[in-house]
Amino acid sequence: MLPADCSSRLVAELRDALDSCAQRQRQLERSLRISRRLLRAWEPAKTPVPEPTPGPETDEEVPSSAFTACSPSPQDLKELELLTQVLEKAVRVRKGISKAGGDKAPTVKSESTATSPATRASTRLRASDWTGSHASETKPPRGIRQTRVPAKDLSEHRLVSVEDPACIGRGARAAKLEPSRRSQETVPLAAPQAREVFTLKDKGILLQLPVAFRKAASQNSRLWAQLSSTHTSDSGDAATTAKNHFLQKMQTTSGWPSSRLSPAEVEAEVGRLQKACSLLRLRMGEELTADPKDWMQEYRCLLTLEGLQALAGQCLHRLQELRTAVVEQQLEPWPEGRLPRASSPCGGGADTIRSPPLLLYSSTQELQTLAALRLRVAMLNQQIHLEKVLMAELLPLVREQEPLGPPWLALCRAVHSLLCEGGERFLTILREDEPAD
Amino acid sequence: MGRRRRRRVDPADAARALPEAIAVLTRTLPTGPSPETFRRAKFDRPEAAPALWRLLFCVLSPMPADGASPSLALEAQARSVKAALRFQGYPRRALAQLPDDGSQGGRELLLALAWLLARGPTLEQLLAQSRVRLGDEMPVCEIHSYTRGCHSDRSLGHLSVTETELLRDPEGGQQLLQRLERENVRLEAALEWRRRELVFWQWMDTVLGACPPEASQPTFLPKIPAQGAAELELVVRELQALQEELQGVAETRWAAWEARVGGHGPEWSASRRALQEAVRQDLVALQWAWERGGGLAQPHGPHRLVRTEAGAPEGRGLQATEVIEVLRSREACLEVVLGQLQGQCRQELARLVGTLPGLIWIPPPGR
């Protein structure tokens, strides 16, 4: 139905589109894989320390060391074991407490205080030990479910600052006393484990990034800040003058007029004007659906429509100028085999130079919406691109072929479905044949 | 920068300045050729050409997202470079005339590289493109919740997946560390380049001087009809359609309005002026939206996701709620565009087909 070169071009485009979808999928899967792996117990890389205590999970594995590798002494191990028992009890009890919803700030606080010396001990030993045992302990179901959005009364936000370095023994003993007292009070409330979100810090665990890394990372952000700051100020006026002089000389020795537009510029401007068209149309839609209640609102509406019309006219004028320039300069606007550019390294060259700005979110819901919208926008962009490509290839075919033959009708029907219905629906063509008599 | 102390310029220093500057430049570039290559290129020595073709290819093509870069043959790279430079508007024809096999053209390529460097923040853009990302861009919140309080940088507050992964996997962490350190080297070189680049530009002047002058009548390459030209036409048609619609809509309403409102008092003209001004400003803002290239700089871009309390003090970064708003409006805009394109196709097909007798077109059931 389609000529060979046309179909090969279309197939290439569609394949590109499929590839980019596949790539996105792979990225998401990879991200999920990594996250899941992090939420499980971490596998040990070396011979593990004997398990502290059997927790609710049966296969606690002691994770490997972070960058610092020191072997713990038996004394330390014993204390670790003790502390783990204490912590486990505390976790169970606290779950009961938070289930009851009471305000047990003091007890929670003392628990954290008790566990912090353990933190210091543990970071002296192996930073990730605690992570592993507690990450696995507090993840009741095997497999990965998204924990629900944390309720605000959880200790997530109570970051206890621990100043006094209570010694381990004392801390352990103190902690041992507390939970037992609490457990007496609240045993009936130690209900089924609620899945809750907590922070490792509350459990007395502090993951610390290794020193070498932290140094490199802070140097990295410092350098980026320097790079962007000197960029915006006039760095080396002499150098700038020299550069401009060089560029000018390049232009004059080329023999071409300096007012030439590069294909890149033309494309960029066409893109902007395309965007202008959509924004104008969107705005027109808004004005038309608005319901003016008095003459003033109506006047404003009409003025706006008039203004939109004028803007559309300006854009058209600019486009016609571009068209003339392209023809005159015999530009090849979009040469074959040009390198595929990353989808807009835009935001301006300068913006991407600053340290990556932070995107602050405060709930899982926001993240979900954000991700869904990003995906939707990307999909729409792709759809529009494909629509344009298909239009450019298929409409000429419909125009040129001999009408009325069945192949042409089939082509029309297919083209209509693709271009007008997104390939989802088909129309029906009825042909009136000459009556048989 | 402070003033340099006046001292006698040691000729040895001056002689060293250029090679040192070039050495710094090569340290900032992703696949920097040796300074010797640069020197050879000035004299258009053929052995300098392949390295420079490869460098230009690296500079002009974006880093592939997942790091898997298919290595192209030199010839393919050369063709890509030529096309990309032509697209950017490189002014010299000599480049297009270089053989595709990548065997020649050292001096012209050196000029092309300098042209790219002179026009814009090329080095910085290169660095930004390949930047080591320490934060999370994909929404992953569990790690953020769990690791609250663990980050040494207070403004971030929690670890990212990348950082947590680094703790879990020391080997992978080592690699990340090395990448960071390599990037730091390049960043330092880029900063140093700014201090040293003047002598490079003076040298490039001499390189340009060493070239034979180009003929003043360039031979035009045949124009290849391409997708881009079609895009231009498309936008023209869209805008024309829009203009017609706007005109049609407003005419009757204006007439009705005039009939009803004609001849009010002086207070009315004051209100009119106020409204006119308001609408004018409105439209200026609208125009700005497409001319400035989008209000929000890149909600898709490399932002580091950070979890905070709701209602935390602003000014630290983008709020997710803002980005969501922008994305929603972008979605609406795109839906309009898509609908419009589809409508255009429908009209065109109807026009092509409508003239034919004996056919009944039954559109699919409505949405």
# chains A, B, ... in the order shown; residues from 1 in each chain; ligands from 1
>>> residues_around(residues="Pro33 (chain B)", least_positions_apart="5", cutoff="8 Å", atoms="only C-alpha atoms", output="PDB file with N, CA, C and O atoms, in the first residue's frame")
ATOM      1  N   THR B  26      42.386  20.642  27.374  1.00  0.00           N
ATOM      2  CA  THR B  26      42.178  19.219  27.134  1.00  0.00           C
ATOM      3  C   THR B  26      41.727  18.512  28.413  1.00  0.00           C
ATOM      4  O   THR B  26      41.027  17.499  28.350  1.00  0.00           O
ATOM      5  N   PHE B  38      46.929  19.629  18.936  1.00  0.00           N
ATOM      6  CA  PHE B  38      46.504  20.986  18.613  1.00  0.00           C
ATOM      7  C   PHE B  38      47.554  21.690  17.768  1.00  0.00           C
ATOM      8  O   PHE B  38      47.243  22.353  16.782  1.00  0.00           O
ATOM      9  N   ALA B  51      41.702  12.499  15.649  1.00  0.00           N
ATOM     10  CA  ALA B  51      41.417  12.809  17.050  1.00  0.00           C
ATOM     11  C   ALA B  51      40.434  13.975  17.158  1.00  0.00           C
ATOM     12  O   ALA B  51      39.543  13.987  18.015  1.00  0.00           O
ATOM     13  N   LEU B  52      40.612  14.949  16.278  1.00  0.00           N
ATOM     14  CA  LEU B  52      39.730  16.110  16.349  1.00  0.00           C
ATOM     15  C   LEU B  52      38.324  15.787  15.854  1.00  0.00           C
ATOM     16  O   LEU B  52      37.347  16.314  16.382  1.00  0.00           O
ATOM     17  N   LEU B  55      36.757  14.175  18.774  1.00  0.00           N
ATOM     18  CA  LEU B  55      36.443  15.138  19.826  1.00  0.00           C
ATOM     19  C   LEU B  55      35.202  15.936  19.479  1.00  0.00           C
ATOM     20  O   LEU B  55      34.304  16.119  20.314  1.00  0.00           O
TER      21      LEU B  55
END
>>> residues_around(residues="region 321-325 of chain A", least_positions_apart="4", cutoff="7 Å", atoms="only C-alpha atoms", output="short mmCIF file (atom, residue, chain, number, x, y, z; two decimals) with N, CA and C atoms, in the first residue's frame")
data_model
loop_
_atom_site.label_atom_id
_atom_site.label_comp_id
_atom_site.auth_asym_id
_atom_site.auth_seq_id
_atom_site.Cartn_x
_atom_site.Cartn_y
_atom_site.Cartn_z
N VAL A 266 16.45 28.61 12.99
CA VAL A 266 15.14 28.53 12.35
C VAL A 266 14.27 27.52 13.07
N HIS A 317 3.37 36.58 10.58
CA HIS A 317 4.29 37.45 9.86
C HIS A 317 5.72 36.96 10.02
N GLN A 329 18.17 31.72 1.42
CA GLN A 329 19.49 31.27 1.80
C GLN A 329 19.74 29.84 1.36
#
>>> residues_around(residues="Pro91 (chain B)", least_positions_apart="2", cutoff="8 Å", atoms="only C-alpha atoms", output="list in words")
Met250, Gln251, Ser254 and Trp256 of chain A; Gly89 and Arg93 of chain B
>>> residues_around(residues="Gln274 (chain A)", least_positions_apart="2", cutoff="9 Å", atoms="only C-alpha atoms", output="MDAnalysis selection string")
(chainID A and resid 269:272 276:279) or (chainID B and resid 232 234:236 238:239 290)
>>> residues_around(residues="region 357-364 of chain B", least_positions_apart="6", cutoff="10 Å", atoms="only C-alpha atoms", output="PDB file with C-alpha atoms, in the first residue's frame")
ATOM      1  CA  LEU A 404     -12.072   5.314  -6.194  1.00  0.00           C
ATOM      2  CA  LEU A 409     -10.392   3.478  -0.162  1.00  0.00           C
ATOM      3  CA  ARG A 413      -9.744   4.429   5.843  1.00  0.00           C
ATOM      4  CA  HIS A 416      -8.246   8.416   8.711  1.00  0.00           C
ATOM      5  CA  SER A 417      -8.001   6.044  11.594  1.00  0.00           C
ATOM      6  CA  GLU A 421      -8.623   8.740  15.743  1.00  0.00           C
ATOM      7  CA  GLU A 424      -8.235   3.500  17.872  1.00  0.00           C
ATOM      8  CA  ARG A 425     -11.344   3.638  15.771  1.00  0.00           C
ATOM      9  CA  PHE A 426     -12.238   3.049  12.174  1.00  0.00           C
ATOM     10  CA  LEU A 427     -14.838   4.572  10.021  1.00  0.00           C
ATOM     11  CA  THR A 428     -17.016   2.709   7.631  1.00  0.00           C
ATOM     12  CA  ILE A 429     -17.244   3.411   3.962  1.00  0.00           C
ATOM     13  CA  LEU A 430     -20.275   2.456   2.064  1.00  0.00           C
ATOM     14  CA  ARG A 431     -20.099   2.440  -1.618  1.00  0.00           C
ATOM     15  CA  GLU A 432     -23.162   2.767  -3.663  1.00  0.00           C
ATOM     16  CA  ASP A 433     -22.886   0.421  -6.517  1.00  0.00           C
ATOM     17  CA  GLU A 434     -24.750   0.865  -9.693  1.00  0.00           C
TER      18      GLU A 434
ATOM     19  CA  ALA B 350     -13.085  15.174   4.106  1.00  0.00           C
TER      20      ALA B 350
END
>>> atom_distance(atom1="CA of Ile34 (chain A)", atom2="CA of Leu127 (chain B)")
26.1 Å
>>> atom_distance(atom1="CA of Thr31 (chain B)", atom2="CA of Arg179 (chain B)")
14.6 Å
>>> closest_residue(among="A:Ser362, A:Gln208, A:Gly236, A:Asp5", to="Trp193 (chain B)", atoms="only C-alpha atoms")
A:Gly236
>>> closest_residue(among="A:Leu375, A:Leu359, A:Leu397, A:Cys301", to="chain B", atoms="only C-alpha atoms")
A:Leu359
>>> atom_distance(atom1="CA of Arg119 (chain B)", atom2="CA of Leu247 (chain A)")
7.6 Å
>>> residues_around(residues="Ala190 (chain B)", least_positions_apart="5", cutoff="10 Å", atoms="only C-alpha atoms", output="list in words")
Leu223 and Leu227 of chain A; Val24, Leu25, Thr26, Arg27, Thr28, Leu29, Leu123, Glu124, Leu127, Asn184, Val185, Arg195 and Arg196 of chain B
>>> write_last_selection(atoms="all heavy atoms", output="tab-separated table (two decimals), in the first residue's frame")
chain	number	residue	atom	x	y	z
A	223	LEU	N	32.70	23.37	43.56
A	223	LEU	CA	33.23	23.69	42.23
A	223	LEU	C	32.12	24.12	41.28
A	223	LEU	O	32.29	25.06	40.50
A	223	LEU	CB	33.99	22.49	41.67
A	223	LEU	CG	35.35	22.22	42.30
A	223	LEU	CD1	35.88	20.87	41.85
A	223	LEU	CD2	36.33	23.32	41.96
A	227	LEU	N	31.84	27.59	39.36
A	227	LEU	CA	31.76	27.64	37.90
A	227	LEU	C	30.59	28.51	37.46
A	227	LEU	O	30.69	29.29	36.53
A	227	LEU	CB	31.59	26.22	37.35
A	227	LEU	CG	31.95	26.01	35.89
A	227	LEU	CD1	33.42	26.21	35.69
A	227	LEU	CD2	31.55	24.62	35.46
B	24	VAL	N	45.24	22.70	29.84
B	24	VAL	CA	44.06	22.88	30.71
B	24	VAL	C	42.79	22.61	29.91
B	24	VAL	O	41.85	21.95	30.39
B	24	VAL	CB	44.05	24.31	31.29
B	24	VAL	CG1	42.71	24.62	31.93
B	24	VAL	CG2	45.16	24.48	32.29
B	25	LEU	N	42.77	23.08	28.69
B	25	LEU	CA	41.58	22.86	27.86
B	25	LEU	C	41.33	21.38	27.67
B	25	LEU	O	40.21	20.89	27.80
B	25	LEU	CB	41.76	23.56	26.51
B	25	LEU	CG	40.64	23.36	25.50
B	25	LEU	CD1	39.34	23.95	26.01
B	25	LEU	CD2	40.99	24.00	24.16
B	26	THR	N	42.39	20.64	27.37
B	26	THR	CA	42.18	19.22	27.13
B	26	THR	C	41.73	18.51	28.41
B	26	THR	O	41.03	17.50	28.35
B	26	THR	CB	43.45	18.54	26.61
B	26	THR	OG1	44.49	18.75	27.55
B	26	THR	CG2	43.86	19.13	25.29
B	27	ARG	N	42.12	19.05	29.57
B	27	ARG	CA	41.65	18.43	30.82
B	27	ARG	C	40.16	18.64	31.03
B	27	ARG	O	39.49	17.82	31.67
B	27	ARG	CB	42.40	19.00	32.02
B	27	ARG	CG	43.71	18.32	32.32
B	27	ARG	CD	44.02	18.28	33.80
B	27	ARG	NE	44.03	19.58	34.44
B	27	ARG	CZ	45.07	20.41	34.41
B	27	ARG	NH1	46.15	20.08	33.75
B	27	ARG	NH2	44.99	21.58	35.02
B	28	THR	N	39.63	19.72	30.50
B	28	THR	CA	38.20	19.93	30.69
B	28	THR	C	37.36	19.12	29.72
B	28	THR	O	36.19	18.86	29.97
B	28	THR	CB	37.79	21.40	30.49
B	28	THR	OG1	37.86	21.70	29.10
B	28	THR	CG2	38.66	22.31	31.25
B	29	LEU	N	37.94	18.75	28.59
B	29	LEU	CA	37.15	18.09	27.56
B	29	LEU	C	36.99	16.61	27.88
B	29	LEU	O	37.87	16.02	28.50
B	29	LEU	CB	37.83	18.27	26.20
B	29	LEU	CG	37.84	19.71	25.70
B	29	LEU	CD1	38.78	19.84	24.52
B	29	LEU	CD2	36.44	20.13	25.30
B	123	LEU	N	31.81	24.46	27.19
B	123	LEU	CA	32.44	23.60	28.18
B	123	LEU	C	31.49	23.32	29.33
B	123	LEU	O	31.36	22.20	29.80
B	123	LEU	CB	33.71	24.27	28.72
B	123	LEU	CG	34.88	24.36	27.75
B	123	LEU	CD1	36.02	25.10	28.40
B	123	LEU	CD2	35.32	22.98	27.34
B	124	GLU	N	30.86	24.40	29.79
B	124	GLU	CA	29.96	24.23	30.92
B	124	GLU	C	28.79	23.33	30.56
B	124	GLU	O	28.34	22.50	31.36
B	124	GLU	CB	29.44	25.60	31.39
B	124	GLU	CG	30.48	26.45	32.07
B	124	GLU	CD	31.32	27.24	31.10
B	124	GLU	OE1	31.20	27.00	29.89
B	124	GLU	OE2	32.09	28.11	31.54
B	127	LEU	N	29.91	19.75	30.62
B	127	LEU	CA	30.02	19.25	31.98
B	127	LEU	C	28.64	18.98	32.57
B	127	LEU	O	28.43	17.98	33.23
B	127	LEU	CB	30.77	20.28	32.85
B	127	LEU	CG	32.28	20.31	32.65
B	127	LEU	CD1	32.87	21.57	33.24
B	127	LEU	CD2	32.91	19.09	33.30
B	184	ASN	N	35.49	16.31	39.31
B	184	ASN	CA	36.12	17.43	40.02
B	184	ASN	C	37.35	17.92	39.29
B	184	ASN	O	37.62	19.12	39.22
B	184	ASN	CB	36.47	17.01	41.45
B	184	ASN	CG	35.25	16.85	42.32
B	184	ASN	OD1	34.15	17.23	41.93
B	184	ASN	ND2	35.43	16.29	43.50
B	185	VAL	N	38.11	16.99	38.74
B	185	VAL	CA	39.30	17.38	37.97
B	185	VAL	C	38.90	18.26	36.79
B	185	VAL	O	39.50	19.30	36.53
B	185	VAL	CB	40.07	16.13	37.49
B	185	VAL	CG1	41.07	16.50	36.41
B	185	VAL	CG2	40.77	15.46	38.64
B	195	ARG	N	40.99	31.45	33.41
B	195	ARG	CA	42.08	32.37	33.69
B	195	ARG	C	43.10	32.39	32.57
B	195	ARG	O	43.85	33.33	32.41
B	195	ARG	CB	42.78	31.97	34.98
B	195	ARG	CG	41.89	32.13	36.21
B	195	ARG	CD	42.73	32.09	37.47
B	195	ARG	NE	43.21	30.74	37.76
B	195	ARG	CZ	42.51	29.83	38.42
B	195	ARG	NH1	41.32	30.12	38.88
B	195	ARG	NH2	43.01	28.64	38.65
B	196	ARG	N	43.14	31.34	31.81
B	196	ARG	CA	44.24	31.19	30.85
B	196	ARG	C	43.83	31.32	29.40
B	196	ARG	O	44.67	31.26	28.51
B	196	ARG	CB	44.85	29.79	31.01
B	196	ARG	CG	45.59	29.60	32.30
B	196	ARG	CD	46.11	28.16	32.34
B	196	ARG	NE	46.84	27.90	33.55
B	196	ARG	CZ	48.16	28.00	33.64
B	196	ARG	NH1	48.86	28.41	32.63
B	196	ARG	NH2	48.76	27.71	34.78
>>> residues_around(residues="Lys388 (chain A)", least_positions_apart="6", cutoff="10 Å", atoms="only C-alpha atoms", output="PyMOL selection string")
(chain A and resi 382+394+419) or (chain B and resi 227+230-231+234+338+341-342)
>>> write_last_selection(atoms="all heavy atoms", output="PDB file, in the first residue's frame")
ATOM      1  N   GLN A 382       5.176  12.708  22.372  1.00  0.00           N
ATOM      2  CA  GLN A 382       5.496  11.675  21.396  1.00  0.00           C
ATOM      3  C   GLN A 382       4.361  11.511  20.397  1.00  0.00           C
ATOM      4  O   GLN A 382       4.587  11.400  19.191  1.00  0.00           O
ATOM      5  CB  GLN A 382       5.746  10.358  22.131  1.00  0.00           C
ATOM      6  CG  GLN A 382       6.436   9.336  21.255  1.00  0.00           C
ATOM      7  CD  GLN A 382       6.665   8.039  22.005  1.00  0.00           C
ATOM      8  OE1 GLN A 382       5.744   7.467  22.553  1.00  0.00           O
ATOM      9  NE2 GLN A 382       7.894   7.579  21.997  1.00  0.00           N
ATOM     10  N   LEU A 394       1.690  10.625   4.950  1.00  0.00           N
ATOM     11  CA  LEU A 394       0.517   9.923   4.433  1.00  0.00           C
ATOM     12  C   LEU A 394      -0.442  10.810   3.647  1.00  0.00           C
ATOM     13  O   LEU A 394      -1.026  10.371   2.662  1.00  0.00           O
ATOM     14  CB  LEU A 394      -0.240   9.253   5.592  1.00  0.00           C
ATOM     15  CG  LEU A 394       0.532   8.149   6.312  1.00  0.00           C
ATOM     16  CD1 LEU A 394      -0.278   7.615   7.481  1.00  0.00           C
ATOM     17  CD2 LEU A 394       0.880   7.019   5.367  1.00  0.00           C
ATOM     18  N   LEU A 419      -4.668   9.077  11.629  1.00  0.00           N
ATOM     19  CA  LEU A 419      -4.447  10.499  11.834  1.00  0.00           C
ATOM     20  C   LEU A 419      -5.528  11.174  12.650  1.00  0.00           C
ATOM     21  O   LEU A 419      -5.264  12.143  13.330  1.00  0.00           O
ATOM     22  CB  LEU A 419      -4.329  11.210  10.480  1.00  0.00           C
ATOM     23  CG  LEU A 419      -3.065  10.879   9.684  1.00  0.00           C
ATOM     24  CD1 LEU A 419      -3.072  11.645   8.387  1.00  0.00           C
ATOM     25  CD2 LEU A 419      -1.837  11.230  10.476  1.00  0.00           C
TER      26      LEU A 419
ATOM     27  N   GLN B 227      11.871  17.192   6.745  1.00  0.00           N
ATOM     28  CA  GLN B 227      10.721  17.261   7.635  1.00  0.00           C
ATOM     29  C   GLN B 227      10.540  18.646   8.217  1.00  0.00           C
ATOM     30  O   GLN B 227       9.442  19.093   8.454  1.00  0.00           O
ATOM     31  CB  GLN B 227      10.926  16.253   8.752  1.00  0.00           C
ATOM     32  CG  GLN B 227       9.752  16.091   9.665  1.00  0.00           C
ATOM     33  CD  GLN B 227      10.131  15.235  10.836  1.00  0.00           C
ATOM     34  OE1 GLN B 227      10.965  14.355  10.707  1.00  0.00           O
ATOM     35  NE2 GLN B 227       9.542  15.503  11.975  1.00  0.00           N
ATOM     36  N   ALA B 230       8.402  21.021   6.322  1.00  0.00           N
ATOM     37  CA  ALA B 230       6.985  20.680   6.452  1.00  0.00           C
ATOM     38  C   ALA B 230       6.439  21.221   7.766  1.00  0.00           C
ATOM     39  O   ALA B 230       5.299  21.672   7.841  1.00  0.00           O
ATOM     40  CB  ALA B 230       6.809  19.174   6.386  1.00  0.00           C
ATOM     41  N   GLU B 231       7.267  21.190   8.780  1.00  0.00           N
ATOM     42  CA  GLU B 231       6.817  21.653  10.086  1.00  0.00           C
ATOM     43  C   GLU B 231       6.487  23.146  10.038  1.00  0.00           C
ATOM     44  O   GLU B 231       5.510  23.592  10.613  1.00  0.00           O
ATOM     45  CB  GLU B 231       7.934  21.401  11.108  1.00  0.00           C
ATOM     46  CG  GLU B 231       7.427  21.094  12.473  1.00  0.00           C
ATOM     47  CD  GLU B 231       8.476  20.437  13.348  1.00  0.00           C
ATOM     48  OE1 GLU B 231       8.908  19.325  13.012  1.00  0.00           O
ATOM     49  OE2 GLU B 231       8.848  21.061  14.345  1.00  0.00           O
ATOM     50  N   LEU B 234       3.248  23.641   8.443  1.00  0.00           N
ATOM     51  CA  LEU B 234       2.190  23.215   9.343  1.00  0.00           C
ATOM     52  C   LEU B 234       1.820  24.315  10.321  1.00  0.00           C
ATOM     53  O   LEU B 234       0.640  24.610  10.536  1.00  0.00           O
ATOM     54  CB  LEU B 234       2.694  21.993  10.125  1.00  0.00           C
ATOM     55  CG  LEU B 234       1.652  20.994  10.557  1.00  0.00           C
ATOM     56  CD1 LEU B 234       1.003  20.394   9.346  1.00  0.00           C
ATOM     57  CD2 LEU B 234       2.309  19.905  11.368  1.00  0.00           C
ATOM     58  N   LEU B 338      -2.818  18.366  19.943  1.00  0.00           N
ATOM     59  CA  LEU B 338      -3.105  17.077  19.325  1.00  0.00           C
ATOM     60  C   LEU B 338      -4.489  17.089  18.710  1.00  0.00           C
ATOM     61  O   LEU B 338      -4.691  16.647  17.567  1.00  0.00           O
ATOM     62  CB  LEU B 338      -2.992  15.965  20.367  1.00  0.00           C
ATOM     63  CG  LEU B 338      -3.138  14.543  19.828  1.00  0.00           C
ATOM     64  CD1 LEU B 338      -2.098  14.248  18.769  1.00  0.00           C
ATOM     65  CD2 LEU B 338      -3.048  13.530  20.950  1.00  0.00           C
ATOM     66  N   LEU B 341      -4.451  19.045  15.489  1.00  0.00           N
ATOM     67  CA  LEU B 341      -3.841  18.321  14.372  1.00  0.00           C
ATOM     68  C   LEU B 341      -4.810  17.285  13.816  1.00  0.00           C
ATOM     69  O   LEU B 341      -4.965  17.143  12.599  1.00  0.00           O
ATOM     70  CB  LEU B 341      -2.557  17.621  14.824  1.00  0.00           C
ATOM     71  CG  LEU B 341      -1.360  18.520  15.045  1.00  0.00           C
ATOM     72  CD1 LEU B 341      -0.217  17.716  15.618  1.00  0.00           C
ATOM     73  CD2 LEU B 341      -0.915  19.178  13.763  1.00  0.00           C
ATOM     74  N   GLN B 342      -5.463  16.589  14.731  1.00  0.00           N
ATOM     75  CA  GLN B 342      -6.393  15.571  14.272  1.00  0.00           C
ATOM     76  C   GLN B 342      -7.553  16.208  13.514  1.00  0.00           C
ATOM     77  O   GLN B 342      -8.010  15.686  12.499  1.00  0.00           O
ATOM     78  CB  GLN B 342      -6.901  14.747  15.460  1.00  0.00           C
ATOM     79  CG  GLN B 342      -5.831  13.837  16.003  1.00  0.00           C
ATOM     80  CD  GLN B 342      -6.306  13.038  17.207  1.00  0.00           C
ATOM     81  OE1 GLN B 342      -7.213  13.445  17.920  1.00  0.00           O
ATOM     82  NE2 GLN B 342      -5.689  11.893  17.423  1.00  0.00           N
TER      83      GLN B 342
END
>>> select_by_dssp(residues="region 38-154 of chain B", states="alpha helix (DSSP H)", output="NGL selection string")
:B and (38-42 or 49-60 or 74-88 or 106-119 or 122-129 or 141-146)
